[in-house]
Amino acid sequence: MSNAHDETVAVQGSPVLTRERIVPFLAALFEREGGSEYLGEPVTMAEHMLQAACNAQRQGADDAVVAAALVHDVGHFTGALGRFSMTDTMDRRHEVSGAEVLERFFPPLVVACVREHVAAKRYLCATDPDYFSRLSPASVHSLNLQGGPMNAAEVDAFAAHPHLDAIVTVRRCDDDAKVAGAPTPAFADYAPLLQRIVDANAGPDQA
Ligand SMILES: [Fe+2]
């Protein structure tokens with residue numbers, strides 16, 4: 001039985017991932033899947049997420065926001081996460097797949113930033129006149145699959161989200177994380193930060 005299969009089973013049934021295993025599991029995802037193309041962008045998936053974390057750090061964001069930026073797209077690793085359905089597109093589901101894996105271990109702010117990062121694009125397209133013009137062609141394409149800009153009622157509801165500022169920060173770090181060849185720290189450099197957040201959040205039943 002391969003490790004990949006083990007981890008798929010673990011995520012689908014969630015009996016194996018623990019407070020000690022979630023960060024190594026994420027490291028293994030970066031290692032195994034991170035070299036894959038990021039949907040038409042000039043960076044790999046791992047480069048993209050590391051750049052997003054680096055962008056958050058550079059602007060002095062809290063550790064939880066840095067962590068959220070780092071893991072915001074883990075749901076794109078749908079094969080490893082076992083969530084892929086032939087009736088889904090990656091762009092429609094990856095934010096949910098990622099949040100479902102993370103929510104047992106990470107605090108609500110981190111999970112919200114992951115779960116809402118697609119909605120945040122739709123929100124910013126509706127509320128920031130300059131935002132749409134800065135999106136990459138691939139992001140514009142996926143925007144259409146994701147429902148396009150929010151309508152007024154959707155904007156009002158989203159603006160009331162308790163973690164709105166963090167969600168928007170991660171989204172902007174995400175959008176700016178598509179620079180070919182930009183140097184970043186490695187995943188391993190962020191692992192202690194992730195583990196601190198998990199340890200501070202996880203209850204004793206997840207030890
Ligand atoms: Fe992203």
# chains A, B, ... in the order shown; residues from 1 in each chain; ligands from 1

$ residues_around --residues "A:Phe30" --least-positions-apart "5" --cutoff "9 Å" --atoms "only C-alpha atoms" --output "ChimeraX atom specification"
/A:25,35,45-46,74,187

$ write_last_selection --atoms "N, CA and C atoms" --output "mmCIF file, in the first residue's frame"
data_model
loop_
_atom_site.group_PDB
_atom_site.id
_atom_site.type_symbol
_atom_site.label_atom_id
_atom_site.label_comp_id
_atom_site.auth_asym_id
_atom_site.auth_seq_id
_atom_site.Cartn_x
_atom_site.Cartn_y
_atom_site.Cartn_z
ATOM 1 N N PHE A 25 1.923 15.932 7.081
ATOM 2 C CA PHE A 25 1.047 15.596 5.955
ATOM 3 C C PHE A 25 1.047 16.723 4.920
ATOM 4 N N GLY A 35 5.025 20.328 -7.255
ATOM 5 C CA GLY A 35 5.675 20.637 -8.516
ATOM 6 C C GLY A 35 4.719 20.724 -9.690
ATOM 7 N N MET A 45 2.475 24.909 -8.126
ATOM 8 C CA MET A 45 1.568 25.068 -6.985
ATOM 9 C C MET A 45 2.341 25.421 -5.713
ATOM 10 N N ALA A 46 3.457 24.726 -5.491
ATOM 11 C CA ALA A 46 4.229 24.998 -4.274
ATOM 12 C C ALA A 46 4.808 26.407 -4.301
ATOM 13 N N VAL A 74 -4.349 24.102 -0.812
ATOM 14 C CA VAL A 74 -4.089 22.654 -0.687
ATOM 15 C C VAL A 74 -5.223 21.828 -1.297
ATOM 16 N N PHE A 187 8.967 25.218 2.457
ATOM 17 C CA PHE A 187 7.886 24.810 3.349
ATOM 18 C C PHE A 187 8.416 24.522 4.746
#

$ residues_around --residues "A:Gln57" --least-positions-apart "6" --cutoff "12 Å" --atoms "only C-alpha atoms" --output "MDAnalysis selection string"
chainID A and resid 50:51 63:70 169:170 173 184:185 190 193

$ residues_around --residues "A:Tyr131" --least-positions-apart "5" --cutoff "10 Å" --atoms "only C-alpha atoms" --output "PDB file with C-alpha atoms, in the first residue's frame"
ATOM      1  CA  LYS A 121     -12.108  37.197  -5.444  1.00  0.00           C
ATOM      2  CA  TYR A 123     -16.158  40.115  -3.560  1.00  0.00           C
ATOM      3  CA  LEU A 124     -13.179  42.200  -4.621  1.00  0.00           C
ATOM      4  CA  CYS A 125     -14.265  42.143  -8.249  1.00  0.00           C
ATOM      5  CA  ALA A 126     -17.527  43.724  -7.116  1.00  0.00           C
ATOM      6  CA  ARG A 172      -4.430  39.745  -2.267  1.00  0.00           C
ATOM      7  CA  ASP A 175      -3.143  37.202  -6.418  1.00  0.00           C
TER       8      ASP A 175
END

$ residues_near_ligand --ligand "ligand 1" --cutoff "7 Å" --atoms "only C-alpha atoms and all ligand atoms" --output "MDAnalysis selection string"
chainID A and resid 48:49 72:73 174:175

$ closest_residue --among "A:Val16, A:Ile22, A:Ala166, A:Lys178" --to "A:Pro108" --atoms "only C-alpha atoms"
A:Ala166

$ closest_residue --among "A:Arg134, A:Arg104, A:Arg21, A:Arg171" --to "A:Val118" --atoms "only C-alpha atoms"
A:Arg171

$ atom_distance --atom1 "atom CA of A:Ala52" --atom2 "atom CA of A:Ala153"
29.3 Å

$ decode --residues "stretch 104-198 of chain A" --atoms "C-alpha atoms" --output "PDB file, in the first residue's frame"
ATOM      1  CA  ARG A 104      -9.946  19.870  12.624  1.00  0.00           C
ATOM      2  CA  PHE A 105      -6.555  21.354  13.331  1.00  0.00           C
ATOM      3  CA  PHE A 106      -6.459  25.056  12.498  1.00  0.00           C
ATOM      4  CA  PRO A 107      -8.371  27.949  14.097  1.00  0.00           C
ATOM      5  CA  PRO A 108     -11.484  29.406  12.462  1.00  0.00           C
ATOM      6  CA  LEU A 109      -9.624  32.378  10.981  1.00  0.00           C
ATOM      7  CA  VAL A 110      -7.245  30.145   9.034  1.00  0.00           C
ATOM      8  CA  VAL A 111     -10.044  27.881   7.859  1.00  0.00           C
ATOM      9  CA  ALA A 112     -12.172  30.868   6.845  1.00  0.00           C
ATOM     10  CA  CYS A 113      -9.340  32.354   4.777  1.00  0.00           C
ATOM     11  CA  VAL A 114      -9.015  29.062   2.907  1.00  0.00           C
ATOM     12  CA  ARG A 115     -12.729  28.388   2.515  1.00  0.00           C
ATOM     13  CA  GLU A 116     -13.497  31.957   1.397  1.00  0.00           C
ATOM     14  CA  HIS A 117     -10.560  32.753  -0.855  1.00  0.00           C
ATOM     15  CA  VAL A 118     -12.590  32.136  -3.986  1.00  0.00           C
ATOM     16  CA  ALA A 119     -15.517  34.141  -2.626  1.00  0.00           C
ATOM     17  CA  ALA A 120     -13.043  36.904  -1.786  1.00  0.00           C
ATOM     18  CA  LYS A 121     -12.108  37.197  -5.444  1.00  0.00           C
ATOM     19  CA  ARG A 122     -15.772  37.535  -6.367  1.00  0.00           C
ATOM     20  CA  TYR A 123     -16.158  40.115  -3.560  1.00  0.00           C
ATOM     21  CA  LEU A 124     -13.179  42.200  -4.621  1.00  0.00           C
ATOM     22  CA  CYS A 125     -14.265  42.143  -8.249  1.00  0.00           C
ATOM     23  CA  ALA A 126     -17.527  43.724  -7.116  1.00  0.00           C
ATOM     24  CA  THR A 127     -16.069  46.257  -4.675  1.00  0.00           C
ATOM     25  CA  ASP A 128     -12.620  47.295  -5.938  1.00  0.00           C
ATOM     26  CA  PRO A 129     -12.651  48.920  -9.381  1.00  0.00           C
ATOM     27  CA  ASP A 130      -8.958  48.208  -9.957  1.00  0.00           C
ATOM     28  CA  TYR A 131      -9.008  44.639  -8.766  1.00  0.00           C
ATOM     29  CA  PHE A 132     -10.370  42.920 -11.836  1.00  0.00           C
ATOM     30  CA  SER A 133      -7.816  44.571 -14.099  1.00  0.00           C
ATOM     31  CA  ARG A 134      -4.996  43.058 -12.050  1.00  0.00           C
ATOM     32  CA  LEU A 135      -6.221  39.470 -12.232  1.00  0.00           C
ATOM     33  CA  SER A 136      -4.234  37.024 -14.325  1.00  0.00           C
ATOM     34  CA  PRO A 137      -5.938  35.565 -17.415  1.00  0.00           C
ATOM     35  CA  ALA A 138      -6.258  32.193 -15.681  1.00  0.00           C
ATOM     36  CA  SER A 139      -7.891  33.841 -12.683  1.00  0.00           C
ATOM     37  CA  VAL A 140     -10.355  35.674 -14.895  1.00  0.00           C
ATOM     38  CA  HIS A 141     -11.208  32.374 -16.551  1.00  0.00           C
ATOM     39  CA  SER A 142     -11.836  30.627 -13.244  1.00  0.00           C
ATOM     40  CA  LEU A 143     -13.833  33.627 -12.003  1.00  0.00           C
ATOM     41  CA  ASN A 144     -16.472  32.841 -14.593  1.00  0.00           C
ATOM     42  CA  LEU A 145     -16.656  29.227 -13.400  1.00  0.00           C
ATOM     43  CA  GLN A 146     -16.948  30.476  -9.832  1.00  0.00           C
ATOM     44  CA  GLY A 147     -19.988  32.668 -10.422  1.00  0.00           C
ATOM     45  CA  GLY A 148     -18.453  35.968 -11.529  1.00  0.00           C
ATOM     46  CA  PRO A 149     -18.471  39.137  -9.377  1.00  0.00           C
ATOM     47  CA  MET A 150     -20.801  39.130  -6.355  1.00  0.00           C
ATOM     48  CA  ASN A 151     -24.126  40.888  -6.577  1.00  0.00           C
ATOM     49  CA  ALA A 152     -25.077  43.556  -4.041  1.00  0.00           C
ATOM     50  CA  ALA A 153     -26.744  41.137  -1.637  1.00  0.00           C
ATOM     51  CA  GLU A 154     -23.761  38.804  -1.734  1.00  0.00           C
ATOM     52  CA  VAL A 155     -21.409  41.735  -1.098  1.00  0.00           C
ATOM     53  CA  ASP A 156     -23.421  42.834   1.945  1.00  0.00           C
ATOM     54  CA  ALA A 157     -23.394  39.324   3.389  1.00  0.00           C
ATOM     55  CA  PHE A 158     -19.690  38.798   2.751  1.00  0.00           C
ATOM     56  CA  ALA A 159     -18.743  42.193   4.191  1.00  0.00           C
ATOM     57  CA  ALA A 160     -20.210  41.052   7.514  1.00  0.00           C
ATOM     58  CA  HIS A 161     -17.840  38.074   7.776  1.00  0.00           C
ATOM     59  CA  PRO A 162     -15.998  38.286  11.109  1.00  0.00           C
ATOM     60  CA  HIS A 163     -12.695  37.470   9.413  1.00  0.00           C
ATOM     61  CA  LEU A 164     -13.176  39.715   6.383  1.00  0.00           C
ATOM     62  CA  ASP A 165      -9.881  41.598   6.750  1.00  0.00           C
ATOM     63  CA  ALA A 166      -7.808  38.427   7.019  1.00  0.00           C
ATOM     64  CA  ILE A 167      -9.685  36.817   4.138  1.00  0.00           C
ATOM     65  CA  VAL A 168      -9.068  39.806   1.864  1.00  0.00           C
ATOM     66  CA  THR A 169      -5.407  39.978   2.912  1.00  0.00           C
ATOM     67  CA  VAL A 170      -4.885  36.326   1.987  1.00  0.00           C
ATOM     68  CA  ARG A 171      -6.689  36.853  -1.306  1.00  0.00           C
ATOM     69  CA  ARG A 172      -4.430  39.745  -2.267  1.00  0.00           C
ATOM     70  CA  CYS A 173      -1.351  37.769  -1.230  1.00  0.00           C
ATOM     71  CA  ASP A 174      -2.685  34.935  -3.397  1.00  0.00           C
ATOM     72  CA  ASP A 175      -3.143  37.202  -6.418  1.00  0.00           C
ATOM     73  CA  ASP A 176       0.399  38.556  -6.090  1.00  0.00           C
ATOM     74  CA  ALA A 177       1.917  35.074  -5.774  1.00  0.00           C
ATOM     75  CA  LYS A 178       2.359  34.229  -9.430  1.00  0.00           C
ATOM     76  CA  VAL A 179       5.822  35.622 -10.123  1.00  0.00           C
ATOM     77  CA  ALA A 180       8.099  33.294 -12.067  1.00  0.00           C
ATOM     78  CA  GLY A 181      11.324  32.596 -10.214  1.00  0.00           C
ATOM     79  CA  ALA A 182      10.617  34.702  -7.130  1.00  0.00           C
ATOM     80  CA  PRO A 183      12.700  33.429  -4.197  1.00  0.00           C
ATOM     81  CA  THR A 184      10.871  32.266  -1.077  1.00  0.00           C
ATOM     82  CA  PRO A 185      11.558  30.308   2.082  1.00  0.00           C
ATOM     83  CA  ALA A 186      10.896  26.569   1.862  1.00  0.00           C
ATOM     84  CA  PHE A 187       7.886  24.810   3.349  1.00  0.00           C
ATOM     85  CA  ALA A 188      10.138  23.476   6.105  1.00  0.00           C
ATOM     86  CA  ASP A 189      10.883  27.044   7.159  1.00  0.00           C
ATOM     87  CA  TYR A 190       7.182  27.578   7.841  1.00  0.00           C
ATOM     88  CA  ALA A 191       6.538  24.211   9.497  1.00  0.00           C
ATOM     89  CA  PRO A 192       7.272  25.439  13.065  1.00  0.00           C
ATOM     90  CA  LEU A 193       4.855  28.357  12.578  1.00  0.00           C
ATOM     91  CA  LEU A 194       2.158  25.952  11.379  1.00  0.00           C
ATOM     92  CA  GLN A 195       2.776  23.570  14.270  1.00  0.00           C
ATOM     93  CA  ARG A 196       2.548  26.377  16.838  1.00  0.00           C
ATOM     94  CA  ILE A 197      -0.831  27.371  15.441  1.00  0.00           C
ATOM     95  CA  VAL A 198      -2.075  23.784  15.425  1.00  0.00           C
TER      96      VAL A 198
END
